[in-house]
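Read through the structure below, which is laid out as structure tokens, and then see the notes.
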Amino acid sequence: MVPRPSDTSAGSETPRDPGVIVSPRGRFSRLRDRRFWVRVADRLFTGATGAAALVILGIATLLVLLLVQSSYPSLTRFGFGFLYGTVWNPNQTVLSPLIFGALPAIYGTMVIAAIGMLFGVPLSLGIAIFLTELSPGWLRGGLSFVIELLAAIPSVVYGVWGLIVVVPLMATTVEPGLHATLGQLPGLSGVFAAPASGYNGFSYLTAGIILAIMVIPTISSVSREAFLVVPNDQREAALSLGATSWETTRLSVLPYARRGVLGAITLGLGRAIGETIAIVLVVGNSYAISGSLFSSGTTIAAFIATEFGEANGIERAALLELGLVLLAVSLLINVGARLLVRRGIGPVGGAE
Amino acid sequence: MRFDRDVRRKLFSHAMAIACLACVAIAILPLGDILYTSAVNGLKVLSFQFFTQNSPIPCDPRFQTGCSFGGIYNSIQGTLLLIVIAAGIALPVGILCGIYLSEFGANPLGNAARFFADVLAGVPSIVMGVVVFSLFLLLFQDGYITSDYVLSVLSASIALAFIMLPIVARTAEEALRLVPTTTREAALALGIPRYRVVLRIVLRSARSAVITGGLLAVARAAGETAPLIILNPGNLFPFAPALGLHQTTASLPISIYRWIVSPYPNWQADAWGATFVLVILMLGISVAARLALRERFGAALR
Amino acid sequence: MRSDPTAPEPRAPLPPMPPAKLRTEKLSAWYGKKRVLEEISLNFAPNEVTAIIGPSGCGKSTLIRCMNRIHEVTPHARIEGRVFLDDQDVYRQEATSVRRRIGMVFQRANPFPTMSVFDNVAAGLKLNGVRDKARLDEQVVKSLRQAALWEEVKEGLYAPGVSLSGGQQQRLCIARALAVEPEVLLMDEPCSALDPIATAKIEDLLFDLKKQYTVVIVTHNMQQAARVADRTAFLYLGKLVEFNATRELFERPKEKLTESYITGRFG
Ligand SMILES: Nc1ncnc2c1ncn2[C@@H]1O[C@H](COP(=O)(O)OP(=O)(O)OP(=O)(O)O)[C@@H](O)[C@H]1O
Ligand SMILES: [Mg+2]
């Protein structure tokens, strides 16, 4: 790739083009200088790496521009109503107008992500605390290795497992059980109401539980990193006051690492809202809003995945607008998370 | 009184340790069950032919005879094709970008690229799928005729490359940063040009970590389903297994997805076989990558 | 170990060693396979400041960290030998209660990051179940006074602890340690990150603190040891070389090694 001084400069000794006047000490004599070629190679190399860095920025820009451009018909036609409309009707008839409203998908995304976080965050933090603070040394390595493996399972596998193992379990045992217990408490009867079609296991709750498992590797590994940078003298400060190991965690480790932990949770949330195939397989894919966690629903990502293949024209634009909504939310979440994680090292406003 | 309190605190600390251990156990449980269930169901169809035959046509032994389980040959072929193209794009660009970030990136462009690489890594893969769809529509649509290329191996590979790129770039950067500054300075002091120092010395000493990062990104992309649903929804009737860039092809994740939601017994059985293969493959890559990293950078990466 | 066993014992300016508050007996410590302390036997007298000096890496920190059982939280660290507090083996008691009785101040000020000045000082009390607001207030003010910090923070008790200056943070850590009313105070190079003025403040403080506590201070700074300590122990490569009244040790070292060290010929 890089021209060698020997072969390239040899050719330039007798320039073919008579139009170019070459003085012996002129511009072309540089071509014989090895340092010149080194400089050229250096420039080329730096340029290539810089171009690669620009590609990243290019993709980021492309993402936003393309989605806005391609969802433009829907953006202009439905305006803000898109966000709170509840009907998705691509087939215009005399009685039902063509209309696209995103609320059921947005609602499902929020509910399912909330359930995922509700279970996933405490579990992940428990794991991270155990692995960095409380575990005996001999257990630590093996367990963290196994936890990291959770991240290696592709989401379609979680989906298949959820569909075949978790969905039936939810339908036969968990959901009726919750209905019979928590569902009897005042105020909770709506949340744990039996769906009209009976328990089939395809529900917000099932999807949320699968999601909880899927966010564990992200949240636990990022918060573990945050715990690992807590300086030991922070822990020792608590220990030397007579704190137990749990009290040390609560007093020193968690407060010191709080930004990092918050960043970890946010990153997990980002993963949660974007999860697609595992949700598609267990959520039931019905475009509806229901207060009961046992009803089936959909999420933005799942809805795009199930509908995109058949969509055309304005419906495709509407689906792309859903994609834009998802992108906007995920950008917001990820930018937030990165700011938190990046500045998460160390306490705020330390005097040192 | 004092004694009581101390005992209570100690017990509480132990109780919290046990609760946290329980969290670990709860997380490991699904992993175990995934392995167990996919092994039990998958081994029923796993044989040598499973790797050499194409996907079967749907068949229900209650109504038909001579049902075949077929295999995942064309699915693996498609996944490999997608991955090779995606990696062919994402690895060089990603590694170059990682080099820029670690060697020349202490400037606004570097900071922006680093930041956006992190942000891109968090963009849902389905969004990458529809964006590449729009991109191809823009590039190839001819009037109302949608070109073959919109749904194709090529578009799907590019979406996968977009997904891999930020991961490769950031892991490469981090790997290169582990090379001590003194190594660079020593080499530069010998009068070796900068590009040679980076390529021959810095990149070489960080080689295995860079490769590992690339491997993990490849594994991540190989298991992606969402962008393929949009761009390469698959070819489940491979009378002529497609390998053209403008065609769609079967792939492991899509086959699993289509098969498991189908009502056909042979497809469902195959779904488990393919799931088992995919799980073993992914765990294998992950374990190998982590072991390699640990060996090389034991202390630095814990 | 004395270089000249026949030489007459020089007269010590201090009264002879009173019964020890804290004492180590053949204390050895390891990090993994590496032995960093070798059979240290030392007595620490009540109401005195004892300094531990020695070149970097000789095991000073390890020694005091063995005494309040913080050493054992380091992975692969272990000890042999014994440590007595009031003639009771600390390794046969609850680690948490030992640490409550033997407070510690670290090289780098390490206030709890999210807590206010008040909460930092009250943290140890709250751990021990003190909930009574009046009692907490009283104890916090008392500890801040003892740490000579009260006048500087009384207007900003609820400001974050980390917003104080370095020297103030270190005194905050001293107040935090004092609040649980320990009997012994271990200080590991408490002034090494501070400017001369802040250092002088803490040194002055030590004269007050020793009226109530047994103080052990690790220091690199020999002037500091000479100024504040009643007795001084010199450690070298994990061994106790010499232990004597401070004046004695600095004016008439018995060991050649001690003499070389305090005259700055190595370390
Ligand atoms: N966590 C650890 N793991 C392994 N070795 C350690 C550890 N901490 C200290 N050491 C080793 O133990 C020896 C004594 O360390 P220690 O910190 O007690 O020395 P020190 O006298 O306090 O030194 P300094 O004056 O630099 O603080 C040193 O050789 C050090 O390298
Ligand atoms: Mg020390």
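Ordering of the structure tokens sets the chain letters (A, B, ...); residue numbers start at 1 within each chain; ligands are numbered from 1 in the order shown.
All residues of protein, DNA or RNA that reach within 10 Å of A:Ile164, judged by only C-alpha atoms and not counting those fewer than 2 positions away in the chain, are Gly159, Val160, Trp161, Gly162, Val166, Val167, Pro168, Leu169, Leu281 and Val282 of chain A; Thr37 and Ile260 of chain B.
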Expected file: the selected residues, C-alpha atoms, as an mmCIF file, in the first residue's frame:
data_model
loop_
_atom_site.group_PDB
_atom_site.id
_atom_site.type_symbol
_atom_site.label_atom_id
_atom_site.label_comp_id
_atom_site.auth_asym_id
_atom_site.auth_seq_id
_atom_site.Cartn_x
_atom_site.Cartn_y
_atom_site.Cartn_z
ATOM 1 C CA GLY A 159 -37.491 -15.972 23.233
ATOM 2 C CA VAL A 160 -37.689 -19.663 22.402
ATOM 3 C CA TRP A 161 -37.107 -20.593 26.012
ATOM 4 C CA GLY A 162 -39.685 -18.056 27.152
ATOM 5 C CA VAL A 166 -42.066 -19.639 30.725
ATOM 6 C CA VAL A 167 -45.318 -18.941 28.882
ATOM 7 C CA PRO A 168 -47.003 -22.219 29.926
ATOM 8 C CA LEU A 169 -45.721 -21.775 33.473
ATOM 9 C CA LEU A 281 -42.258 -14.508 21.038
ATOM 10 C CA VAL A 282 -43.886 -14.057 24.438
ATOM 11 C CA THR B 37 -34.076 -27.591 27.790
ATOM 12 C CA ILE B 260 -40.604 -22.398 16.731
#
Just asking: which residues within stretch 69-316 of chain A are strand (DSSP E or B) according to DSSP, as a PyMOL selection string? chain A and resi 88-89+99-100+284+297
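Closest to ligand 1 among C:Asp137, C:Glu189, C:Asp89, C:Glu48 is C:Glu189, based on only C-alpha atoms and all ligand atoms.
Here atom CA of B:Pro58 and atom CA of B:Asn266 stand 6.7 Å from one another.
Atom pair atom CA of A:Arg39 / atom CA of B:Gly191: separated by 12.5 Å.
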9 Å contact set for stretch 250-258 of chain A, only C-alpha atoms, chain neighbours under 2 positions out, as a VMD selection string: (chain A and resid 129 133 223 226 to 231 234 to 238 243 245 to 248 260 to 263 344 to 347) or (chain C and resid 112 to 115 123)
Atom CA of B:Ala159 to atom CA of A:Ser74: how many Å, to one decimal? 23.7 Å
Once you count only C-alpha atoms, what closest atom pair and distance in Å to one decimal does each residue of stretch 150-234 of chain B within 12 Å of stretch 270-285 of chain B have, with rows by chain and rising residue number, as a Markdown table?
| residue | atom | partner | partner_atom | distance |
| --- | --- | --- | --- | --- |
| B:Ile211 | CA | B:Ile285 | CA | 11.9 |
| B:Thr212 | CA | B:Ile285 | CA | 9.3 |
| B:Gly213 | CA | B:Ile285 | CA | 11.1 |
| B:Gly214 | CA | B:Ile285 | CA | 11.1 |
| B:Leu215 | CA | B:Ile285 | CA | 7.4 |
| B:Leu216 | CA | B:Ile285 | CA | 7.3 |
| B:Ala217 | CA | B:Ile285 | CA | 10.4 |
| B:Val218 | CA | B:Ile285 | CA | 9.4 |
| B:Ala219 | CA | B:Met282 | CA | 6.3 |
| B:Arg220 | CA | B:Met282 | CA | 8.3 |
| B:Ala221 | CA | B:Met282 | CA | 10.6 |
| B:Ala222 | CA | B:Met282 | CA | 8.7 |
| B:Gly223 | CA | B:Leu278 | CA | 7.8 |
| B:Glu224 | CA | B:Leu278 | CA | 11.3 |
Write the residues you've just listed into a file as a PDB file, in the first residue's frame, and include all heavy atoms for each of them.
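New file selection_18.pdb:
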ATOM      1  N   ILE B 211      -8.489  -8.895  18.693  1.00  0.00           N
ATOM      2  CA  ILE B 211      -9.157 -10.025  18.047  1.00  0.00           C
ATOM      3  C   ILE B 211     -10.327 -10.509  18.901  1.00  0.00           C
ATOM      4  O   ILE B 211     -11.418 -10.792  18.402  1.00  0.00           O
ATOM      5  CB  ILE B 211      -8.161 -11.178  17.810  1.00  0.00           C
ATOM      6  CG1 ILE B 211      -7.128 -10.728  16.775  1.00  0.00           C
ATOM      7  CG2 ILE B 211      -8.882 -12.425  17.343  1.00  0.00           C
ATOM      8  CD1 ILE B 211      -6.017 -11.718  16.544  1.00  0.00           C
ATOM      9  N   THR B 212     -10.096 -10.565  20.201  1.00  0.00           N
ATOM     10  CA  THR B 212     -11.164 -11.028  21.081  1.00  0.00           C
ATOM     11  C   THR B 212     -12.371 -10.109  21.000  1.00  0.00           C
ATOM     12  O   THR B 212     -13.513 -10.571  20.918  1.00  0.00           O
ATOM     13  CB  THR B 212     -10.654 -11.082  22.527  1.00  0.00           C
ATOM     14  OG1 THR B 212      -9.457 -11.834  22.533  1.00  0.00           O
ATOM     15  CG2 THR B 212     -11.659 -11.729  23.419  1.00  0.00           C
ATOM     16  N   GLY B 213     -12.112  -8.799  21.005  1.00  0.00           N
ATOM     17  CA  GLY B 213     -13.214  -7.854  20.890  1.00  0.00           C
ATOM     18  C   GLY B 213     -13.969  -8.065  19.593  1.00  0.00           C
ATOM     19  O   GLY B 213     -15.201  -8.077  19.562  1.00  0.00           O
ATOM     20  N   GLY B 214     -13.222  -8.277  18.513  1.00  0.00           N
ATOM     21  CA  GLY B 214     -13.849  -8.531  17.223  1.00  0.00           C
ATOM     22  C   GLY B 214     -14.690  -9.797  17.253  1.00  0.00           C
ATOM     23  O   GLY B 214     -15.820  -9.820  16.755  1.00  0.00           O
ATOM     24  N   LEU B 215     -14.152 -10.796  17.900  1.00  0.00           N
ATOM     25  CA  LEU B 215     -14.847 -12.078  17.998  1.00  0.00           C
ATOM     26  C   LEU B 215     -16.162 -11.919  18.753  1.00  0.00           C
ATOM     27  O   LEU B 215     -17.204 -12.450  18.341  1.00  0.00           O
ATOM     28  CB  LEU B 215     -13.937 -13.064  18.738  1.00  0.00           C
ATOM     29  CG  LEU B 215     -14.173 -14.538  18.492  1.00  0.00           C
ATOM     30  CD1 LEU B 215     -13.975 -14.838  17.025  1.00  0.00           C
ATOM     31  CD2 LEU B 215     -13.228 -15.371  19.348  1.00  0.00           C
ATOM     32  N   LEU B 216     -16.115 -11.171  19.841  1.00  0.00           N
ATOM     33  CA  LEU B 216     -17.347 -10.974  20.605  1.00  0.00           C
ATOM     34  C   LEU B 216     -18.370 -10.208  19.774  1.00  0.00           C
ATOM     35  O   LEU B 216     -19.567 -10.498  19.830  1.00  0.00           O
ATOM     36  CB  LEU B 216     -17.051 -10.231  21.913  1.00  0.00           C
ATOM     37  CG  LEU B 216     -16.313 -11.063  22.970  1.00  0.00           C
ATOM     38  CD1 LEU B 216     -15.979 -10.227  24.192  1.00  0.00           C
ATOM     39  CD2 LEU B 216     -17.136 -12.277  23.375  1.00  0.00           C
ATOM     40  N   ALA B 217     -17.892  -9.240  18.995  1.00  0.00           N
ATOM     41  CA  ALA B 217     -18.812  -8.490  18.144  1.00  0.00           C
ATOM     42  C   ALA B 217     -19.409  -9.406  17.078  1.00  0.00           C
ATOM     43  O   ALA B 217     -20.605  -9.338  16.786  1.00  0.00           O
ATOM     44  CB  ALA B 217     -18.087  -7.316  17.492  1.00  0.00           C
ATOM     45  N   VAL B 218     -18.574 -10.267  16.498  1.00  0.00           N
ATOM     46  CA  VAL B 218     -19.072 -11.216  15.500  1.00  0.00           C
ATOM     47  C   VAL B 218     -20.141 -12.106  16.119  1.00  0.00           C
ATOM     48  O   VAL B 218     -21.216 -12.325  15.547  1.00  0.00           O
ATOM     49  CB  VAL B 218     -17.912 -12.070  14.946  1.00  0.00           C
ATOM     50  CG1 VAL B 218     -18.444 -13.266  14.190  1.00  0.00           C
ATOM     51  CG2 VAL B 218     -17.025 -11.229  14.038  1.00  0.00           C
ATOM     52  N   ALA B 219     -19.851 -12.584  17.329  1.00  0.00           N
ATOM     53  CA  ALA B 219     -20.814 -13.465  17.989  1.00  0.00           C
ATOM     54  C   ALA B 219     -22.129 -12.733  18.214  1.00  0.00           C
ATOM     55  O   ALA B 219     -23.210 -13.263  17.966  1.00  0.00           O
ATOM     56  CB  ALA B 219     -20.248 -13.955  19.320  1.00  0.00           C
ATOM     57  N   ARG B 220     -22.006 -11.504  18.652  1.00  0.00           N
ATOM     58  CA  ARG B 220     -23.214 -10.704  18.904  1.00  0.00           C
ATOM     59  C   ARG B 220     -24.029 -10.574  17.611  1.00  0.00           C
ATOM     60  O   ARG B 220     -25.246 -10.777  17.608  1.00  0.00           O
ATOM     61  CB  ARG B 220     -22.779  -9.350  19.436  1.00  0.00           C
ATOM     62  CG  ARG B 220     -23.744  -8.228  19.299  1.00  0.00           C
ATOM     63  CD  ARG B 220     -24.500  -7.940  20.588  1.00  0.00           C
ATOM     64  NE  ARG B 220     -25.695  -7.181  20.288  1.00  0.00           N
ATOM     65  CZ  ARG B 220     -25.769  -5.861  20.311  1.00  0.00           C
ATOM     66  NH1 ARG B 220     -24.708  -5.176  20.702  1.00  0.00           N
ATOM     67  NH2 ARG B 220     -26.877  -5.238  20.012  1.00  0.00           N
ATOM     68  N   ALA B 221     -23.344 -10.281  16.510  1.00  0.00           N
ATOM     69  CA  ALA B 221     -24.058 -10.090  15.247  1.00  0.00           C
ATOM     70  C   ALA B 221     -24.653 -11.398  14.742  1.00  0.00           C
ATOM     71  O   ALA B 221     -25.750 -11.421  14.189  1.00  0.00           O
ATOM     72  CB  ALA B 221     -23.120  -9.493  14.203  1.00  0.00           C
ATOM     73  N   ALA B 222     -23.929 -12.494  14.945  1.00  0.00           N
ATOM     74  CA  ALA B 222     -24.413 -13.773  14.443  1.00  0.00           C
ATOM     75  C   ALA B 222     -25.714 -14.180  15.120  1.00  0.00           C
ATOM     76  O   ALA B 222     -26.517 -14.911  14.554  1.00  0.00           O
ATOM     77  CB  ALA B 222     -23.358 -14.854  14.660  1.00  0.00           C
ATOM     78  N   GLY B 223     -25.921 -13.706  16.333  1.00  0.00           N
ATOM     79  CA  GLY B 223     -27.144 -14.073  17.038  1.00  0.00           C
ATOM     80  C   GLY B 223     -28.274 -13.088  16.839  1.00  0.00           C
ATOM     81  O   GLY B 223     -29.371 -13.296  17.340  1.00  0.00           O
ATOM     82  N   GLU B 224     -28.010 -11.991  16.125  1.00  0.00           N
ATOM     83  CA  GLU B 224     -29.042 -10.967  15.931  1.00  0.00           C
ATOM     84  C   GLU B 224     -30.189 -11.481  15.075  1.00  0.00           C
ATOM     85  O   GLU B 224     -29.961 -12.093  14.036  1.00  0.00           O
ATOM     86  CB  GLU B 224     -28.432  -9.737  15.238  1.00  0.00           C
ATOM     87  CG  GLU B 224     -27.814  -8.729  16.170  1.00  0.00           C
ATOM     88  CD  GLU B 224     -28.832  -8.075  17.091  1.00  0.00           C
ATOM     89  OE1 GLU B 224     -30.046  -8.213  16.843  1.00  0.00           O
ATOM     90  OE2 GLU B 224     -28.402  -7.431  18.060  1.00  0.00           O
TER      91      GLU B 224
END
Can you work out which one of A:Val222, A:Ala264, A:Leu331, A:Leu239 has the shortest atom-to-atom distance to chain C, counting only C-alpha atoms? A:Leu239
Name each residue within 12 Å of ligand 1, counting only C-alpha atoms and all ligand atoms, as a VMD selection string. (chain A and resid 232 to 233) or (chain C and resid 28 to 38 52 to 66 70 to 78 106 to 108 187 to 190 192 217 to 221 234 to 240 267)
Give me the residues of chain B that have any atom at most 6 Å from an atom of chain A; for each, the nearest atom pair and the distance in Å, rounded to one decimal. Use only C-alpha atoms, sort by chain and number, and format it as JSON lines.
{"residue": "B:Ser13", "atom": "CA", "partner": "A:Trp246", "partner_atom": "CA", "distance": 4.9}
{"residue": "B:Ala17", "atom": "CA", "partner": "A:Leu134", "partner_atom": "CA", "distance": 5.9}
{"residue": "B:Cys20", "atom": "CA", "partner": "A:Gly126", "partner_atom": "CA", "distance": 4.4}
{"residue": "B:Cys23", "atom": "CA", "partner": "A:Leu123", "partner_atom": "CA", "distance": 5.1}
{"residue": "B:Val24", "atom": "CA", "partner": "A:Ile127", "partner_atom": "CA", "distance": 5.2}
{"residue": "B:Val93", "atom": "CA", "partner": "A:Ala52", "partner_atom": "CA", "distance": 5.4}
{"residue": "B:Leu96", "atom": "CA", "partner": "A:Thr49", "partner_atom": "CA", "distance": 4.7}
{"residue": "B:Cys97", "atom": "CA", "partner": "A:Ala53", "partner_atom": "CA", "distance": 4.8}
{"residue": "B:Tyr100", "atom": "CA", "partner": "A:Thr49", "partner_atom": "CA", "distance": 5.0}
{"residue": "B:Ala113", "atom": "CA", "partner": "A:Ala53", "partner_atom": "CA", "distance": 5.8}
{"residue": "B:Val119", "atom": "CA", "partner": "A:Asn334", "partner_atom": "CA", "distance": 5.5}
{"residue": "B:Pro124", "atom": "CA", "partner": "A:Gly274", "partner_atom": "CA", "distance": 4.5}
{"residue": "B:Val127", "atom": "CA", "partner": "A:Gly323", "partner_atom": "CA", "distance": 5.8}
{"residue": "B:Tyr195", "atom": "CA", "partner": "A:Asp42", "partner_atom": "CA", "distance": 5.4}
{"residue": "B:Gly223", "atom": "CA", "partner": "A:Pro154", "partner_atom": "CA", "distance": 5.0}
{"residue": "B:Met282", "atom": "CA", "partner": "A:Ala152", "partner_atom": "CA", "distance": 5.9}
{"residue": "B:Leu283", "atom": "CA", "partner": "A:Ala152", "partner_atom": "CA", "distance": 6.0}
Take the residues from that selection and put them in a file with all heavy atoms, as a tab-separated table (two decimals), in the first residue's frame.
chain	number	residue	atom	x	y	z
B	13	SER	N	-26.00	-8.74	58.25
B	13	SER	CA	-25.00	-8.73	57.20
B	13	SER	C	-24.95	-10.09	56.49
B	13	SER	O	-24.90	-10.16	55.25
B	13	SER	CB	-23.64	-8.38	57.79
B	13	SER	OG	-22.67	-8.32	56.79
B	17	ALA	N	-25.85	-11.03	52.60
B	17	ALA	CA	-24.96	-11.80	51.73
B	17	ALA	C	-25.72	-12.96	51.11
B	17	ALA	O	-25.57	-13.24	49.91
B	17	ALA	CB	-23.76	-12.31	52.53
B	20	CYS	N	-28.05	-11.69	48.44
B	20	CYS	CA	-27.33	-11.37	47.20
B	20	CYS	C	-26.90	-12.64	46.48
B	20	CYS	O	-26.94	-12.71	45.24
B	20	CYS	CB	-26.12	-10.49	47.50
B	20	CYS	SG	-26.58	-8.84	48.02
B	23	CYS	N	-29.70	-13.80	44.55
B	23	CYS	CA	-29.83	-13.10	43.26
B	23	CYS	C	-28.98	-13.80	42.21
B	23	CYS	O	-29.42	-13.99	41.06
B	23	CYS	CB	-29.36	-11.65	43.38
B	23	CYS	SG	-30.41	-10.64	44.40
B	24	VAL	N	-27.76	-14.16	42.59
B	24	VAL	CA	-26.89	-14.86	41.65
B	24	VAL	C	-27.55	-16.16	41.21
B	24	VAL	O	-27.60	-16.48	40.01
B	24	VAL	CB	-25.50	-15.13	42.29
B	24	VAL	CG1	-24.63	-15.90	41.33
B	24	VAL	CG2	-24.85	-13.84	42.71
B	93	VAL	N	-12.85	-1.26	9.45
B	93	VAL	CA	-13.23	0.11	9.80
B	93	VAL	C	-13.21	0.30	11.31
B	93	VAL	O	-12.69	1.30	11.82
B	93	VAL	CB	-14.64	0.44	9.23
B	93	VAL	CG1	-15.03	1.85	9.60
B	93	VAL	CG2	-14.65	0.26	7.73
B	96	LEU	N	-9.59	0.45	12.61
B	96	LEU	CA	-9.01	1.76	12.26
B	96	LEU	C	-9.56	2.84	13.17
B	96	LEU	O	-8.82	3.69	13.68
B	96	LEU	CB	-9.32	2.11	10.80
B	96	LEU	CG	-8.40	1.49	9.75
B	96	LEU	CD1	-8.86	1.86	8.36
B	96	LEU	CD2	-6.96	1.95	9.98
B	97	CYS	N	-10.87	2.76	13.40
B	97	CYS	CA	-11.48	3.76	14.26
B	97	CYS	C	-10.93	3.64	15.68
B	97	CYS	O	-10.62	4.65	16.32
B	97	CYS	CB	-12.99	3.57	14.24
B	97	CYS	SG	-13.86	4.75	15.22
B	100	TYR	N	-7.66	5.26	15.74
B	100	TYR	CA	-7.78	6.73	15.81
B	100	TYR	C	-8.10	7.16	17.22
B	100	TYR	O	-7.47	8.08	17.77
B	100	TYR	CB	-8.86	7.22	14.85
B	100	TYR	CG	-8.97	8.72	14.85
B	100	TYR	CD1	-8.08	9.48	14.08
B	100	TYR	CD2	-9.88	9.39	15.65
B	100	TYR	CE1	-8.13	10.85	14.10
B	100	TYR	CE2	-9.94	10.76	15.67
B	100	TYR	CZ	-9.06	11.49	14.90
B	100	TYR	OH	-9.10	12.85	14.93
B	113	ALA	N	-16.43	10.99	18.30
B	113	ALA	CA	-16.54	9.63	17.77
B	113	ALA	C	-16.68	8.62	18.90
B	113	ALA	O	-17.47	7.68	18.82
B	113	ALA	CB	-15.32	9.31	16.92
B	119	VAL	N	-22.94	5.62	22.06
B	119	VAL	CA	-24.38	5.81	21.89
B	119	VAL	C	-24.93	4.84	20.84
B	119	VAL	O	-25.96	4.20	21.03
B	119	VAL	CB	-24.69	7.27	21.52
B	119	VAL	CG1	-26.13	7.41	21.11
B	119	VAL	CG2	-24.39	8.19	22.69
B	124	PRO	N	-31.18	0.31	19.44
B	124	PRO	CA	-31.79	-1.01	19.25
B	124	PRO	C	-31.51	-1.54	17.85
B	124	PRO	O	-31.52	-0.79	16.87
B	124	PRO	CB	-33.28	-0.73	19.44
B	124	PRO	CG	-33.37	0.52	20.22
B	124	PRO	CD	-32.15	1.32	19.88
B	127	VAL	N	-33.89	-0.84	15.05
B	127	VAL	CA	-33.80	0.50	14.45
B	127	VAL	C	-32.72	0.50	13.36
B	127	VAL	O	-32.92	1.04	12.27
B	127	VAL	CB	-33.52	1.56	15.52
B	127	VAL	CG1	-33.22	2.90	14.87
B	127	VAL	CG2	-34.69	1.69	16.47
B	195	TYR	N	3.25	5.58	11.82
B	195	TYR	CA	2.32	4.56	11.36
B	195	TYR	C	2.87	3.16	11.58
B	195	TYR	O	2.15	2.24	11.91
B	195	TYR	CB	1.94	4.79	9.88
B	195	TYR	CG	3.00	4.42	8.87
B	195	TYR	CD1	2.99	3.17	8.27
B	195	TYR	CD2	4.02	5.31	8.54
B	195	TYR	CE1	3.96	2.82	7.35
B	195	TYR	CE2	4.99	4.95	7.63
B	195	TYR	CZ	4.96	3.72	7.02
B	195	TYR	OH	5.92	3.39	6.12
B	223	GLY	N	-25.92	-13.71	16.33
B	223	GLY	CA	-27.14	-14.07	17.04
B	223	GLY	C	-28.27	-13.09	16.84
B	223	GLY	O	-29.37	-13.30	17.34
B	282	MET	N	-22.38	-19.92	20.65
B	282	MET	CA	-22.22	-18.62	21.32
B	282	MET	C	-21.47	-18.77	22.62
B	282	MET	O	-20.57	-17.99	22.93
B	282	MET	CB	-23.59	-17.99	21.61
B	282	MET	CG	-24.32	-17.59	20.38
B	282	MET	SD	-23.38	-16.35	19.52
B	282	MET	CE	-24.05	-16.49	17.91
B	283	LEU	N	-21.86	-19.75	23.41
B	283	LEU	CA	-21.16	-19.96	24.67
B	283	LEU	C	-19.71	-20.31	24.40
B	283	LEU	O	-18.79	-19.83	25.08
B	283	LEU	CB	-21.82	-21.06	25.51
B	283	LEU	CG	-23.19	-20.70	26.08
B	283	LEU	CD1	-23.70	-21.81	26.98
B	283	LEU	CD2	-23.14	-19.40	26.86
